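Below is one structure, written out as structure tokens; comments come after it.
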Amino acid sequence: MIIGFYGRLAERFGRELELDVPDGTDVAALRARFDGLDAATVRALVNDTTAREDAILGPGDRVDFLPPLSGG
Amino acid sequence: MIIGFYGRLAERFGRELELDVPDGTDVAALRARFDGLDAATVRALVNDTTAREDAILGPGDRVDFLPPLSGG
Amino acid sequence: MRIDARLAHAAFDPAKELAGFAAEGAGAVASFTGLCRSTAKDGATIAGLFLDHHPRLTEKSLHDIAAAAARFELSAVRIVHRCGSIAPGEAIVFVAAAAAHRRAAFDAVDYLMDRLKTDALFWKREDGVDGSAWIEPTESDRADRARWSA
Amino acid sequence: MRIDARLAHAAFDPAKELAGFAAEGAGAVASFTGLCRSTAKDGATIAGLFLDHHPRLTEKSLHDIAAAAARFELSAVRIVHRCGSIAPGEAIVFVAAAAAHRRAAFDAVDYLMDRLKTDALFWKREDGVDGSAWIEPTESDRADRARWSA
């Protein structure tokens, strides 16, 4: 699975990360592996679409964690 | 004396006219020589400055008659 | 505030005017270009416009209007306005304002266009296929102008 | 309405963007250019900005915002937005709207800038002499955005 980070998160965790997760891992569980991915402020996308916290992740998925937008 | 006309007035009377007027002619008297120079809508300038109707004109003056502006 | 207000006697290029509008230190540049349309308000096809002007006072009116934009927090303002015969598609007017912040730049351009529509010293003739007509300011132009206190 | 919304990975020229913004038949073209300033809001000198972006969704957000300007009576709209490292004086964003009438063109550019400030998919870092800081939208940006019903 590919995980993408942006803005201040990219500085902290790197821009992109390849990671294997156990079967049945959902978005909430993936968040919990990293410090500071608070669901209230950091939006999760799975394959470019906003994902529910209980969405189950598979090995071919791409997950992006987006901190609050600063705007253009 | 040079008289300048603009917009629809220039079409009617020509752009510029050279005219001798009797001593003591004022703006109102000059207006009265032309048809359609109503003081309510046609502004008179003497030497590029808005003039009173009773301003006395001399041979070296330039008088401009400005119809209502159409704007830019 | 730098002021550049010019009467253009021949066709000009709005993009070049924007390029030359140095905005040193400014964060925001707003611009407006008014172009000669090929139809009149009543839908009739027009062949062009003729904008009559006064040899000295028209350019002075442009300068006075530009200077009045000092009421906004601007670093620079530019007005370029055509006179003479203008073909459809040609620019009639270009206005630009540079400011630290975008609200001032927007408001200044909006204000300048409203002022130009009523206070610029021009007389406009629409030349149509069925003849020509001299235009006077509309009630809508006057109402736009009245939005600003001075 | 023609829509042109692009993410620029290198410096671009706003005047060229205005020149290329064909306004066939339009009577009014409004534009806005946002430039990188050399001082931050707190007055500190900044060396530049870094605008982080998503490889696909950032450009899509620009396109979605441009398309939303269909609520105005426009013939064309253009958005060009930088990403990456931006030096003071360089353009960050260029927005243009073409319409038959100037009010629609003005309102569209104003609307697009408000939308871009809150809804464009960017993460902005100010690089100053004393270090860097990631920026989040201000209350004032949110208030501007809230002026429009959607």
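For the structure tokens, the naming scheme is as follows: chains receive sequential letters (A, B, ...) according to their order of presentation, residues are indexed from 1 within each chain, and ligands are indexed from 1 in presentation order.
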
Handout entry: DSSP alpha helix (DSSP H) selection over chain B, as a list in words
Key =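 Answer for chain B, restricted to alpha helix (DSSP H): Arg8, Leu9, Ala10, Glu11, Arg12, Phe13, Val27, Ala28, Ala29, Leu30, Arg31 and Ala32 of chain B.
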
Exercise for the section: Skip B:Arg43 itself and residues of its chain fewer than 5 positions away, then list as a PyMOL selection string all residues within 7 Å of it, counting only C-alpha atoms. Expected result: chain B and resi 65-67

Overlay target chain B, mobile chain A, all C-alpha paired in order, as a PDB file with N, CA and C atoms, in the first residue's frame:
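Okay, this is what ended up in selection03.pdb:
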ATOM      1  N   MET A   1     -12.200  84.760 -32.359  1.00  0.00           N
ATOM      2  CA  MET A   1     -12.513  83.791 -31.317  1.00  0.00           C
ATOM      3  C   MET A   1     -12.704  82.418 -31.943  1.00  0.00           C
ATOM      4  N   ILE A   2     -12.160  81.384 -31.226  1.00  0.00           N
ATOM      5  CA  ILE A   2     -12.326  80.017 -31.692  1.00  0.00           C
ATOM      6  C   ILE A   2     -13.451  79.363 -30.886  1.00  0.00           C
ATOM      7  N   ILE A   3     -14.360  78.695 -31.589  1.00  0.00           N
ATOM      8  CA  ILE A   3     -15.417  77.952 -30.909  1.00  0.00           C
ATOM      9  C   ILE A   3     -15.262  76.475 -31.251  1.00  0.00           C
ATOM     10  N   GLY A   4     -15.251  75.641 -30.199  1.00  0.00           N
ATOM     11  CA  GLY A   4     -15.101  74.200 -30.409  1.00  0.00           C
ATOM     12  C   GLY A   4     -16.397  73.474 -30.084  1.00  0.00           C
ATOM     13  N   PHE A   5     -16.727  72.488 -30.919  1.00  0.00           N
ATOM     14  CA  PHE A   5     -17.917  71.662 -30.695  1.00  0.00           C
ATOM     15  C   PHE A   5     -17.508  70.198 -30.610  1.00  0.00           C
ATOM     16  N   TYR A   6     -18.285  69.411 -29.881  1.00  0.00           N
ATOM     17  CA  TYR A   6     -17.957  68.002 -29.636  1.00  0.00           C
ATOM     18  C   TYR A   6     -19.191  67.136 -29.835  1.00  0.00           C
ATOM     19  N   GLY A   7     -18.925  65.851 -30.086  1.00  0.00           N
ATOM     20  CA  GLY A   7     -20.015  64.885 -30.180  1.00  0.00           C
ATOM     21  C   GLY A   7     -21.016  65.302 -31.236  1.00  0.00           C
ATOM     22  N   ARG A   8     -22.306  65.204 -30.916  1.00  0.00           N
ATOM     23  CA  ARG A   8     -23.348  65.506 -31.895  1.00  0.00           C
ATOM     24  C   ARG A   8     -23.308  66.966 -32.360  1.00  0.00           C
ATOM     25  N   LEU A   9     -22.776  67.862 -31.500  1.00  0.00           N
ATOM     26  CA  LEU A   9     -22.673  69.269 -31.905  1.00  0.00           C
ATOM     27  C   LEU A   9     -21.622  69.453 -32.993  1.00  0.00           C
ATOM     28  N   ALA A  10     -20.540  68.649 -32.932  1.00  0.00           N
ATOM     29  CA  ALA A  10     -19.494  68.751 -33.955  1.00  0.00           C
ATOM     30  C   ALA A  10     -20.023  68.291 -35.312  1.00  0.00           C
ATOM     31  N   GLU A  11     -20.916  67.310 -35.275  1.00  0.00           N
ATOM     32  CA  GLU A  11     -21.511  66.861 -36.540  1.00  0.00           C
ATOM     33  C   GLU A  11     -22.374  67.953 -37.157  1.00  0.00           C
ATOM     34  N   ARG A  12     -22.983  68.724 -36.281  1.00  0.00           N
ATOM     35  CA  ARG A  12     -23.935  69.730 -36.746  1.00  0.00           C
ATOM     36  C   ARG A  12     -23.265  71.028 -37.177  1.00  0.00           C
ATOM     37  N   PHE A  13     -22.309  71.504 -36.342  1.00  0.00           N
ATOM     38  CA  PHE A  13     -21.728  72.833 -36.576  1.00  0.00           C
ATOM     39  C   PHE A  13     -20.278  72.790 -37.060  1.00  0.00           C
ATOM     40  N   GLY A  14     -19.712  71.583 -37.146  1.00  0.00           N
ATOM     41  CA  GLY A  14     -18.271  71.471 -37.431  1.00  0.00           C
ATOM     42  C   GLY A  14     -17.506  71.422 -36.131  1.00  0.00           C
ATOM     43  N   ARG A  15     -16.270  70.949 -36.236  1.00  0.00           N
ATOM     44  CA  ARG A  15     -15.467  70.744 -35.022  1.00  0.00           C
ATOM     45  C   ARG A  15     -14.986  72.067 -34.444  1.00  0.00           C
ATOM     46  N   GLU A  16     -14.601  72.973 -35.318  1.00  0.00           N
ATOM     47  CA  GLU A  16     -14.059  74.237 -34.853  1.00  0.00           C
ATOM     48  C   GLU A  16     -14.497  75.337 -35.796  1.00  0.00           C
ATOM     49  N   LEU A  17     -14.734  76.488 -35.224  1.00  0.00           N
ATOM     50  CA  LEU A  17     -15.304  77.595 -35.978  1.00  0.00           C
ATOM     51  C   LEU A  17     -14.567  78.850 -35.551  1.00  0.00           C
ATOM     52  N   GLU A  18     -14.186  79.712 -36.530  1.00  0.00           N
ATOM     53  CA  GLU A  18     -13.597  80.994 -36.142  1.00  0.00           C
ATOM     54  C   GLU A  18     -14.639  82.062 -36.372  1.00  0.00           C
ATOM     55  N   LEU A  19     -14.815  82.925 -35.378  1.00  0.00           N
ATOM     56  CA  LEU A  19     -15.951  83.833 -35.389  1.00  0.00           C
ATOM     57  C   LEU A  19     -15.548  85.153 -34.729  1.00  0.00           C
ATOM     58  N   ASP A  20     -16.000  86.269 -35.308  1.00  0.00           N
ATOM     59  CA  ASP A  20     -15.810  87.565 -34.628  1.00  0.00           C
ATOM     60  C   ASP A  20     -17.122  87.946 -33.972  1.00  0.00           C
ATOM     61  N   VAL A  21     -17.059  88.342 -32.705  1.00  0.00           N
ATOM     62  CA  VAL A  21     -18.285  88.741 -32.006  1.00  0.00           C
ATOM     63  C   VAL A  21     -18.149  90.185 -31.535  1.00  0.00           C
ATOM     64  N   PRO A  22     -19.264  90.903 -31.431  1.00  0.00           N
ATOM     65  CA  PRO A  22     -19.220  92.301 -30.978  1.00  0.00           C
ATOM     66  C   PRO A  22     -18.687  92.403 -29.551  1.00  0.00           C
ATOM     67  N   ASP A  23     -18.051  93.524 -29.225  1.00  0.00           N
ATOM     68  CA  ASP A  23     -17.608  93.776 -27.851  1.00  0.00           C
ATOM     69  C   ASP A  23     -18.780  93.578 -26.897  1.00  0.00           C
ATOM     70  N   GLY A  24     -18.478  92.994 -25.751  1.00  0.00           N
ATOM     71  CA  GLY A  24     -19.527  92.841 -24.736  1.00  0.00           C
ATOM     72  C   GLY A  24     -20.362  91.586 -24.891  1.00  0.00           C
ATOM     73  N   THR A  25     -20.078  90.778 -25.910  1.00  0.00           N
ATOM     74  CA  THR A  25     -20.825  89.512 -26.056  1.00  0.00           C
ATOM     75  C   THR A  25     -20.511  88.594 -24.875  1.00  0.00           C
ATOM     76  N   ASP A  26     -21.535  88.045 -24.245  1.00  0.00           N
ATOM     77  CA  ASP A  26     -21.294  87.083 -23.171  1.00  0.00           C
ATOM     78  C   ASP A  26     -21.631  85.662 -23.657  1.00  0.00           C
ATOM     79  N   VAL A  27     -21.427  84.699 -22.779  1.00  0.00           N
ATOM     80  CA  VAL A  27     -21.622  83.297 -23.154  1.00  0.00           C
ATOM     81  C   VAL A  27     -23.063  83.063 -23.610  1.00  0.00           C
ATOM     82  N   ALA A  28     -24.015  83.645 -22.877  1.00  0.00           N
ATOM     83  CA  ALA A  28     -25.427  83.448 -23.212  1.00  0.00           C
ATOM     84  C   ALA A  28     -25.736  83.960 -24.624  1.00  0.00           C
ATOM     85  N   ALA A  29     -25.137  85.117 -24.966  1.00  0.00           N
ATOM     86  CA  ALA A  29     -25.385  85.695 -26.293  1.00  0.00           C
ATOM     87  C   ALA A  29     -24.769  84.836 -27.394  1.00  0.00           C
ATOM     88  N   LEU A  30     -23.598  84.251 -27.094  1.00  0.00           N
ATOM     89  CA  LEU A  30     -22.959  83.386 -28.078  1.00  0.00           C
ATOM     90  C   LEU A  30     -23.795  82.123 -28.305  1.00  0.00           C
ATOM     91  N   ARG A  31     -24.280  81.540 -27.200  1.00  0.00           N
ATOM     92  CA  ARG A  31     -25.167  80.377 -27.291  1.00  0.00           C
ATOM     93  C   ARG A  31     -26.340  80.648 -28.227  1.00  0.00           C
ATOM     94  N   ALA A  32     -26.925  81.857 -28.072  1.00  0.00           N
ATOM     95  CA  ALA A  32     -28.162  82.180 -28.781  1.00  0.00           C
ATOM     96  C   ALA A  32     -27.980  82.222 -30.293  1.00  0.00           C
ATOM     97  N   ARG A  33     -26.722  82.330 -30.745  1.00  0.00           N
ATOM     98  CA  ARG A  33     -26.476  82.348 -32.191  1.00  0.00           C
ATOM     99  C   ARG A  33     -26.672  80.982 -32.825  1.00  0.00           C
ATOM    100  N   PHE A  34     -26.630  79.929 -31.980  1.00  0.00           N
ATOM    101  CA  PHE A  34     -26.730  78.565 -32.513  1.00  0.00           C
ATOM    102  C   PHE A  34     -27.993  77.902 -31.990  1.00  0.00           C
ATOM    103  N   ASP A  35     -28.540  77.045 -32.782  1.00  0.00           N
ATOM    104  CA  ASP A  35     -29.743  76.325 -32.383  1.00  0.00           C
ATOM    105  C   ASP A  35     -29.346  75.070 -31.602  1.00  0.00           C
ATOM    106  N   GLY A  36     -29.939  74.865 -30.431  1.00  0.00           N
ATOM    107  CA  GLY A  36     -29.703  73.604 -29.717  1.00  0.00           C
ATOM    108  C   GLY A  36     -28.603  73.660 -28.681  1.00  0.00           C
ATOM    109  N   LEU A  37     -28.136  74.874 -28.328  1.00  0.00           N
ATOM    110  CA  LEU A  37     -27.100  74.969 -27.283  1.00  0.00           C
ATOM    111  C   LEU A  37     -27.741  75.311 -25.939  1.00  0.00           C
ATOM    112  N   ASP A  38     -28.777  74.593 -25.586  1.00  0.00           N
ATOM    113  CA  ASP A  38     -29.508  74.782 -24.343  1.00  0.00           C
ATOM    114  C   ASP A  38     -28.560  74.757 -23.130  1.00  0.00           C
ATOM    115  N   ALA A  39     -28.582  75.827 -22.323  1.00  0.00           N
ATOM    116  CA  ALA A  39     -27.672  75.916 -21.171  1.00  0.00           C
ATOM    117  C   ALA A  39     -27.909  74.803 -20.148  1.00  0.00           C
ATOM    118  N   ALA A  40     -29.092  74.217 -20.166  1.00  0.00           N
ATOM    119  CA  ALA A  40     -29.391  73.147 -19.202  1.00  0.00           C
ATOM    120  C   ALA A  40     -28.633  71.864 -19.527  1.00  0.00           C
ATOM    121  N   THR A  41     -28.292  71.655 -20.784  1.00  0.00           N
ATOM    122  CA  THR A  41     -27.639  70.394 -21.146  1.00  0.00           C
ATOM    123  C   THR A  41     -26.267  70.587 -21.789  1.00  0.00           C
ATOM    124  N   VAL A  42     -26.020  71.772 -22.367  1.00  0.00           N
ATOM    125  CA  VAL A  42     -24.743  71.990 -23.061  1.00  0.00           C
ATOM    126  C   VAL A  42     -23.866  72.924 -22.231  1.00  0.00           C
ATOM    127  N   ARG A  43     -22.759  72.362 -21.720  1.00  0.00           N
ATOM    128  CA  ARG A  43     -21.859  73.117 -20.857  1.00  0.00           C
ATOM    129  C   ARG A  43     -20.937  73.979 -21.720  1.00  0.00           C
ATOM    130  N   ALA A  44     -20.689  75.222 -21.250  1.00  0.00           N
ATOM    131  CA  ALA A  44     -19.756  76.099 -21.961  1.00  0.00           C
ATOM    132  C   ALA A  44     -18.456  76.222 -21.169  1.00  0.00           C
ATOM    133  N   LEU A  45     -17.340  76.074 -21.890  1.00  0.00           N
ATOM    134  CA  LEU A  45     -16.019  76.315 -21.289  1.00  0.00           C
ATOM    135  C   LEU A  45     -15.398  77.513 -21.975  1.00  0.00           C
ATOM    136  N   VAL A  46     -14.774  78.394 -21.215  1.00  0.00           N
ATOM    137  CA  VAL A  46     -13.968  79.450 -21.808  1.00  0.00           C
ATOM    138  C   VAL A  46     -12.528  79.188 -21.388  1.00  0.00           C
ATOM    139  N   ASN A  47     -11.674  79.026 -22.372  1.00  0.00           N
ATOM    140  CA  ASN A  47     -10.263  78.708 -22.119  1.00  0.00           C
ATOM    141  C   ASN A  47     -10.124  77.530 -21.159  1.00  0.00           C
ATOM    142  N   ASP A  48     -10.851  76.465 -21.463  1.00  0.00           N
ATOM    143  CA  ASP A  48     -10.788  75.176 -20.744  1.00  0.00           C
ATOM    144  C   ASP A  48     -11.376  75.201 -19.339  1.00  0.00           C
ATOM    145  N   THR A  49     -12.091  76.276 -18.983  1.00  0.00           N
ATOM    146  CA  THR A  49     -12.673  76.347 -17.647  1.00  0.00           C
ATOM    147  C   THR A  49     -14.168  76.617 -17.771  1.00  0.00           C
ATOM    148  N   THR A  50     -14.965  75.941 -16.941  1.00  0.00           N
ATOM    149  CA  THR A  50     -16.407  76.142 -16.975  1.00  0.00           C
ATOM    150  C   THR A  50     -16.725  77.618 -16.742  1.00  0.00           C
ATOM    151  N   ALA A  51     -17.590  78.172 -17.597  1.00  0.00           N
ATOM    152  CA  ALA A  51     -17.822  79.617 -17.568  1.00  0.00           C
ATOM    153  C   ALA A  51     -19.254  79.939 -17.146  1.00  0.00           C
ATOM    154  N   ARG A  52     -19.411  81.087 -16.493  1.00  0.00           N
ATOM    155  CA  ARG A  52     -20.754  81.590 -16.178  1.00  0.00           C
ATOM    156  C   ARG A  52     -21.404  82.093 -17.462  1.00  0.00           C
ATOM    157  N   GLU A  53     -22.725  82.131 -17.451  1.00  0.00           N
ATOM    158  CA  GLU A  53     -23.464  82.584 -18.642  1.00  0.00           C
ATOM    159  C   GLU A  53     -23.216  84.058 -18.949  1.00  0.00           C
ATOM    160  N   ASP A  54     -22.865  84.854 -17.897  1.00  0.00           N
ATOM    161  CA  ASP A  54     -22.654  86.285 -18.132  1.00  0.00           C
ATOM    162  C   ASP A  54     -21.177  86.642 -18.303  1.00  0.00           C
ATOM    163  N   ALA A  55     -20.336  85.633 -18.486  1.00  0.00           N
ATOM    164  CA  ALA A  55     -18.906  85.918 -18.709  1.00  0.00           C
ATOM    165  C   ALA A  55     -18.742  86.602 -20.061  1.00  0.00           C
ATOM    166  N   ILE A  56     -18.043  87.740 -20.056  1.00  0.00           N
ATOM    167  CA  ILE A  56     -17.826  88.521 -21.286  1.00  0.00           C
ATOM    168  C   ILE A  56     -16.660  87.901 -22.073  1.00  0.00           C
ATOM    169  N   LEU A  57     -16.876  87.757 -23.370  1.00  0.00           N
ATOM    170  CA  LEU A  57     -15.888  87.093 -24.218  1.00  0.00           C
ATOM    171  C   LEU A  57     -15.035  88.109 -24.960  1.00  0.00           C
ATOM    172  N   GLY A  58     -13.727  87.802 -25.067  1.00  0.00           N
ATOM    173  CA  GLY A  58     -12.817  88.655 -25.831  1.00  0.00           C
ATOM    174  C   GLY A  58     -12.344  87.930 -27.077  1.00  0.00           C
ATOM    175  N   PRO A  59     -11.678  88.654 -27.990  1.00  0.00           N
ATOM    176  CA  PRO A  59     -11.297  88.080 -29.283  1.00  0.00           C
ATOM    177  C   PRO A  59     -10.299  86.917 -29.167  1.00  0.00           C
ATOM    178  N   GLY A  60      -9.471  86.886 -28.114  1.00  0.00           N
ATOM    179  CA  GLY A  60      -8.486  85.798 -27.990  1.00  0.00           C
ATOM    180  C   GLY A  60      -9.019  84.567 -27.272  1.00  0.00           C
ATOM    181  N   ASP A  61     -10.276  84.594 -26.865  1.00  0.00           N
ATOM    182  CA  ASP A  61     -10.801  83.462 -26.087  1.00  0.00           C
ATOM    183  C   ASP A  61     -11.122  82.256 -26.967  1.00  0.00           C
ATOM    184  N   ARG A  62     -11.050  81.076 -26.331  1.00  0.00           N
ATOM    185  CA  ARG A  62     -11.554  79.866 -26.963  1.00  0.00           C
ATOM    186  C   ARG A  62     -12.768  79.411 -26.154  1.00  0.00           C
ATOM    187  N   VAL A  63     -13.868  79.194 -26.851  1.00  0.00           N
ATOM    188  CA  VAL A  63     -15.089  78.731 -26.182  1.00  0.00           C
ATOM    189  C   VAL A  63     -15.416  77.325 -26.686  1.00  0.00           C
ATOM    190  N   ASP A  64     -15.628  76.393 -25.746  1.00  0.00           N
ATOM    191  CA  ASP A  64     -16.023  75.028 -26.124  1.00  0.00           C
ATOM    192  C   ASP A  64     -17.439  74.755 -25.630  1.00  0.00           C
ATOM    193  N   PHE A  65     -18.244  74.173 -26.493  1.00  0.00           N
ATOM    194  CA  PHE A  65     -19.596  73.757 -26.090  1.00  0.00           C
ATOM    195  C   PHE A  65     -19.642  72.231 -26.009  1.00  0.00           C
ATOM    196  N   LEU A  66     -19.910  71.734 -24.789  1.00  0.00           N
ATOM    197  CA  LEU A  66     -19.871  70.292 -24.540  1.00  0.00           C
ATOM    198  C   LEU A  66     -21.286  69.749 -24.335  1.00  0.00           C
ATOM    199  N   PRO A  67     -21.747  68.879 -25.216  1.00  0.00           N
ATOM    200  CA  PRO A  67     -23.039  68.221 -24.969  1.00  0.00           C
ATOM    201  C   PRO A  67     -22.870  67.225 -23.803  1.00  0.00           C
ATOM    202  N   PRO A  68     -23.956  66.618 -23.328  1.00  0.00           N
ATOM    203  CA  PRO A  68     -23.832  65.663 -22.218  1.00  0.00           C
ATOM    204  C   PRO A  68     -22.818  64.579 -22.547  1.00  0.00           C
ATOM    205  N   LEU A  69     -21.988  64.224 -21.554  1.00  0.00           N
ATOM    206  CA  LEU A  69     -20.976  63.187 -21.738  1.00  0.00           C
ATOM    207  C   LEU A  69     -21.672  61.840 -21.918  1.00  0.00           C
ATOM    208  N   SER A  70     -21.089  61.005 -22.738  1.00  0.00           N
ATOM    209  CA  SER A  70     -21.629  59.652 -22.815  1.00  0.00           C
ATOM    210  C   SER A  70     -20.849  58.716 -21.911  1.00  0.00           C
ATOM    211  N   GLY A  71     -19.714  59.203 -21.387  1.00  0.00           N
ATOM    212  CA  GLY A  71     -18.877  58.336 -20.545  1.00  0.00           C
ATOM    213  C   GLY A  71     -18.010  57.440 -21.394  1.00  0.00           C
ATOM    214  N   GLY A  72     -17.091  56.763 -20.705  1.00  0.00           N
ATOM    215  CA  GLY A  72     -16.100  55.954 -21.429  1.00  0.00           C
ATOM    216  C   GLY A  72     -16.661  54.597 -21.813  1.00  0.00           C
TER     217      GLY A  72
END

Fill in the blank from the handout: In Å and to one decimal, atom CA of D:Ala44 is distant from atom CA of C:Arg103 by 21.8 Å

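For the set D:Phe94, D:Ile3, D:Gly84, D:Thr58, the residue with the smallest atom-to-atom gap to chain C is D:Phe94, counting only C-alpha atoms.
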
Exercise for the section: Quote the spacing between atom CA of C:Ile86 and atom CA of C:Cys36 in Å to one decimal place. Expected result: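 Here the two named atoms are 7.0 Å from each other.
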
Practice task
Go ahead and compute the interatomic distance for atom CA of D:Ala87 and atom CA of D:Ala10, in Å to one decimal.
Solution key: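 Atom CA of D:Ala10 lies at a distance of 10.8 Å from atom CA of D:Ala87.
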
Practice task
Compute the chain D side of the contact with chain A at 12 Å, counting only C-alpha atoms, and hand it back as a PyMOL selection string.
Solution key: chain D and resi 7+33-36+49-62+65+79-84+91-95+112-126+132-139+141-142+145

Exercise for the section: Do me a favour and pick out the residues of chain C within 7 Å of chain D, using only C-alpha atoms, as a list in words. Expected result: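 Those within range of chain D come out as Ala15, Lys16, Leu18, Ala19, Gly25, Ala26, Gly27, Ala28, Val29, Ala30, Ser31, Phe32, Thr33, Gly34, Leu35, Cys36, Arg37, Ser38 and Gly89 of chain C.
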
Exercise for the section: Report as JSON, numbers by chain: the residues of chain A with a DSSP assignment of strand (DSSP E), based on the backbone of this structure. Expected result: {"A": [2, 3, 4, 5, 16, 17, 18, 43, 44, 45, 46, 49, 50, 62, 63, 64, 65, 66]}

Practice task
Point out the residue among D:Val77, D:Ile46, D:Ala143, D:Ala104 with the least atom-to-atom distance to D:Asp64, counting only C-alpha atoms.
Solution key: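 Checking each of D:Val77, D:Ile46, D:Ala143, D:Ala104 against D:Asp64, counting only C-alpha atoms, the winner is D:Val77.
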